[in-house]
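One structure is given here, and the rest of the page talks about it.
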Amino acid sequence: MSAGLAVIGCGARTPVGFHRRSSTAAVRAGISMMAEHPFLIDRFGKPIKVTRDAGLDPQLQGFERLLALAIPAAREALEPLEPFVGAVNAPKVSIVLSTGEPRPGQGTGTSASLADALCDDLAAFVHIGRQMHWMGGHAGGIVALETAARLLAEGEADMVLAGGVDSYLFRDTLEWLDDNEQLHSEDNIYGFCPGEAAGFVLVTRADTAQRFGLTPLLSLVSAGSGIEKNLIRTEDICLGEGLSKAFLAAAKPLAQEERIDRVVCDMNGERYRGNEYGFAVLKASKLFRDAAAFEAPADCWGDVGAASGPLYVGLVAAAEERGYAKGPLSLVWASSEGGRRAAAVLRRWGGA
């Protein structure tokens with residue numbers, strides 16, 4: 001996989017901000033939007049704690065809610081291409097999209113329907129190339145980046161808009177999480193706070209960015225994935241096999257002496273995820289400058305599922321823009337309940 005891929009745009013819609021900059025600033029400030037759901041209660045008879053998009057009607061459900069999250073985030077990521085709208089030489093943009101894994105409240109056709117509707121909307125702004133989609137869960141947004149990198153490296157696309165969209169705030173989904181004892185509450189401190197969000201990243205080759213006069217935000221060094229067989233909500237003990245493989249694959253292009261300066265991940269309060277990360281770090285400890293100093297934005301915007309990875313790229317880009325990056329190299333990672341693990345390494349544009 002090429003190490004010369006440029007991130008030229010990022011977009012976000014989260015419970016802590018309607019745009020990337022407001023969302024990243026809120027996370028930087030430690031602002032949390034965890035609050036009681038307006039009308040849904042858990043099995044203990046108490047309001048369910050969630051993080052939700054304040055701009056959306058709480059009654060809005062299903063496909064329409066996901067699309068309302070996706071469109072503004074995707075359009076924001078495409079803003080660098082505004083000068084080329086309607087131009088003959090406008091680049092063709094392929095779309096790679098992940099949604100949450102199939103579950104109650106979200107059927108198996110969700111990703112296809114959402115991708116079609118999103119492409120219909122974006123066709124007014126850019127020339128749409130290939131369209132790819134799947135229901136990949138937490139790791140899905142980073143797998144979208146991995147796919148984007150492959151398409152670009154193989155010359156199958158000019159630019160790729162890779163993203164994830166997810167929402168747990170559907171009645172059937174929240175009831176299912178409650179039945180599985182996964183909701184965070186005073187009675188279940190190891191549960192997570194369900195949220196919703198959309199995140200998109202616009203990626204291209206370095207030479208293409210230069211040809212169109214676009215200023216990169218970051219370099220996507222590499223992305224990698226793995227499969228974990230010992231899953232959450234089973235009796236099996238997870239030893240971090242799949243996650244460590246994702247770490248090592250994403251870091252493969254790095255020089256032997258290089259170390260990851262910053263780690264952003266989807267740990268959400270569930271004990272399983274903490275244990276998994278601990279074992280994975282033991283298997284790949286030489287990659288990190290300080291693996292214990294990880295950041296988990298779920299403390300602010302809740303668990304946002306498939307949107308996680310692309311949103312983390314936005315956090316890394318903000319740190320570079322604002323000058324508070326810990327160092328030139330960052331790693332983002334996420335773990336899907338179905339077993340997929342994914343990680344990506346990002347580098348400050350221009351090197352150290």
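How things are named: the first chain in the structure tokens is A, the next is B, and so on; residues count from 1 in each chain; ligands count from 1 in the order shown.
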
Practice item. From segment 132-335 of chain A, collect each residue whose DSSP state is helix (DSSP H, G or I) and return the set as a PyMOL selection string. Key: chain A and resi 137-153+171-179+206-211+241-250+271-283+285-287+298-301+305-322

Point to revise | Neighbour list for Trp134 of chain A as number ranges by chain, cut-off 8 Å, only C-alpha atoms, skip fewer than 3 positions in-chain | key: A: 97-99, 111-112, 140

Exercise for review: Check segment 2-175 of chain A with DSSP on the backbone and list each residue it calls strand (DSSP E or B), as a PyMOL selection string.
Suggested key: chain A and resi 5-14+17+35-41+47-50+92-99+103+106+127-135+159-167

Using only C-alpha atoms, please write the residues we just selected to a file, as a PDB file, in the first residue's frame.
```pdb
ATOM      1  CA  LEU A   5      -1.772   9.133   0.030  1.00  0.00           C
ATOM      2  CA  ALA A   6      -3.110  12.550   0.968  1.00  0.00           C
ATOM      3  CA  VAL A   7      -6.086  13.304   3.197  1.00  0.00           C
ATOM      4  CA  ILE A   8      -7.518  16.478   1.676  1.00  0.00           C
ATOM      5  CA  GLY A   9     -10.914  16.755   3.368  1.00  0.00           C
ATOM      6  CA  CYS A  10     -12.747  15.648   6.517  1.00  0.00           C
ATOM      7  CA  GLY A  11     -16.387  15.979   7.501  1.00  0.00           C
ATOM      8  CA  ALA A  12     -18.278  15.243  10.701  1.00  0.00           C
ATOM      9  CA  ARG A  13     -21.725  15.327  12.225  1.00  0.00           C
ATOM     10  CA  THR A  14     -21.725  14.268  15.886  1.00  0.00           C
ATOM     11  CA  GLY A  17     -20.973  19.371  16.869  1.00  0.00           C
ATOM     12  CA  ALA A  35     -27.923  12.776  28.693  1.00  0.00           C
ATOM     13  CA  GLU A  36     -31.195  10.987  29.304  1.00  0.00           C
ATOM     14  CA  HIS A  37     -33.219   9.924  26.273  1.00  0.00           C
ATOM     15  CA  PRO A  38     -36.382  12.058  26.046  1.00  0.00           C
ATOM     16  CA  PHE A  39     -38.797   9.131  26.377  1.00  0.00           C
ATOM     17  CA  LEU A  40     -37.119   5.673  26.329  1.00  0.00           C
ATOM     18  CA  ILE A  41     -36.403   3.823  29.579  1.00  0.00           C
ATOM     19  CA  PRO A  47     -34.268   6.878  31.232  1.00  0.00           C
ATOM     20  CA  ILE A  48     -31.635   5.454  28.885  1.00  0.00           C
ATOM     21  CA  LYS A  49     -28.436   7.505  28.777  1.00  0.00           C
ATOM     22  CA  VAL A  50     -27.489   8.382  25.220  1.00  0.00           C
ATOM     23  CA  LYS A  92     -14.161  11.669 -10.295  1.00  0.00           C
ATOM     24  CA  VAL A  93     -14.877  10.662  -6.698  1.00  0.00           C
ATOM     25  CA  SER A  94     -15.570   7.071  -5.684  1.00  0.00           C
ATOM     26  CA  ILE A  95     -17.717   6.504  -2.594  1.00  0.00           C
ATOM     27  CA  VAL A  96     -16.858   3.860   0.021  1.00  0.00           C
ATOM     28  CA  LEU A  97     -19.342   3.665   2.888  1.00  0.00           C
ATOM     29  CA  SER A  98     -19.837   1.565   6.005  1.00  0.00           C
ATOM     30  CA  THR A  99     -22.806   1.463   8.339  1.00  0.00           C
ATOM     31  CA  ARG A 103     -28.924  -5.726  14.344  1.00  0.00           C
ATOM     32  CA  GLN A 106     -31.136  -1.908  11.311  1.00  0.00           C
ATOM     33  CA  HIS A 127     -18.694  13.305 -10.540  1.00  0.00           C
ATOM     34  CA  ILE A 128     -19.395   9.982  -8.824  1.00  0.00           C
ATOM     35  CA  GLY A 129     -17.159   7.042  -9.708  1.00  0.00           C
ATOM     36  CA  ARG A 130     -17.365   3.624  -8.088  1.00  0.00           C
ATOM     37  CA  GLN A 131     -19.693   2.957  -5.176  1.00  0.00           C
ATOM     38  CA  MET A 132     -18.882   0.416  -2.475  1.00  0.00           C
ATOM     39  CA  HIS A 133     -20.724  -0.235   0.768  1.00  0.00           C
ATOM     40  CA  TRP A 134     -21.097  -2.733   3.609  1.00  0.00           C
ATOM     41  CA  MET A 135     -22.364  -3.066   7.170  1.00  0.00           C
ATOM     42  CA  MET A 159     -10.247  10.391  -5.312  1.00  0.00           C
ATOM     43  CA  VAL A 160     -12.182   8.410  -2.732  1.00  0.00           C
ATOM     44  CA  LEU A 161     -14.690   9.631  -0.163  1.00  0.00           C
ATOM     45  CA  ALA A 162     -14.476   7.024   2.606  1.00  0.00           C
ATOM     46  CA  GLY A 163     -16.820   7.172   5.552  1.00  0.00           C
ATOM     47  CA  GLY A 164     -19.029   5.633   8.170  1.00  0.00           C
ATOM     48  CA  VAL A 165     -22.532   6.432   9.398  1.00  0.00           C
ATOM     49  CA  ASP A 166     -24.202   4.902  12.416  1.00  0.00           C
ATOM     50  CA  SER A 167     -26.920   5.441  14.992  1.00  0.00           C
TER      51      SER A 167
END
```

**Study point:** Shell around Val264 of chain A at 10 Å using only C-alpha atoms, local window under 2 positions removed, as a list in words
**Key:**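 Residues meeting the cut-off are Arg262, Asp266, Met267, Ala293, Phe294, Glu295, Ala296, Pro297, Ser308, Gly309, Leu311, Tyr312, Val313, Leu315, Val316, Ser330, Leu331, Val332, Trp333, Ala334 and Ala343 of chain A.
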
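Using only C-alpha atoms, the smallest distance between any of A:Ala344, A:Leu177, A:Ile232, A:Ala198 and Cys265 of chain A comes from A:Ala344.
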
Review point. Leu248 of chain A: which residues within 9 Å, counting only C-alpha atoms, same-chain residues fewer than 4 positions away excluded, as an MDAnalysis selection string?
Key: chainID A and resid 224 243:244 252 284 287 343

Give me the residues within 6 Å of Arg289 of chain A as a PDB file with N, CA and C atoms, in the first residue's frame, counting only C-alpha atoms and dropping any in the same chain fewer than 4 places off.
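Dumped to around05.pdb:
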```
ATOM      1  N   ARG A 259       8.023   5.510  16.069  1.00  0.00           N
ATOM      2  CA  ARG A 259       7.061   5.138  17.093  1.00  0.00           C
ATOM      3  C   ARG A 259       5.781   5.954  16.933  1.00  0.00           C
ATOM      4  N   ILE A 260       4.662   5.331  17.287  1.00  0.00           N
ATOM      5  CA  ILE A 260       3.369   6.012  17.263  1.00  0.00           C
ATOM      6  C   ILE A 260       3.302   7.009  18.426  1.00  0.00           C
ATOM      7  N   ASP A 261       2.983   8.261  18.113  1.00  0.00           N
ATOM      8  CA  ASP A 261       2.925   9.305  19.134  1.00  0.00           C
ATOM      9  C   ASP A 261       1.548   9.441  19.776  1.00  0.00           C
TER      10      ASP A 261
END
```

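Distances to Leu214 of chain A were evaluated for A:Phe18, A:Phe84, A:Phe247, A:Phe63 using only C-alpha atoms, and the minimum falls at A:Phe84.
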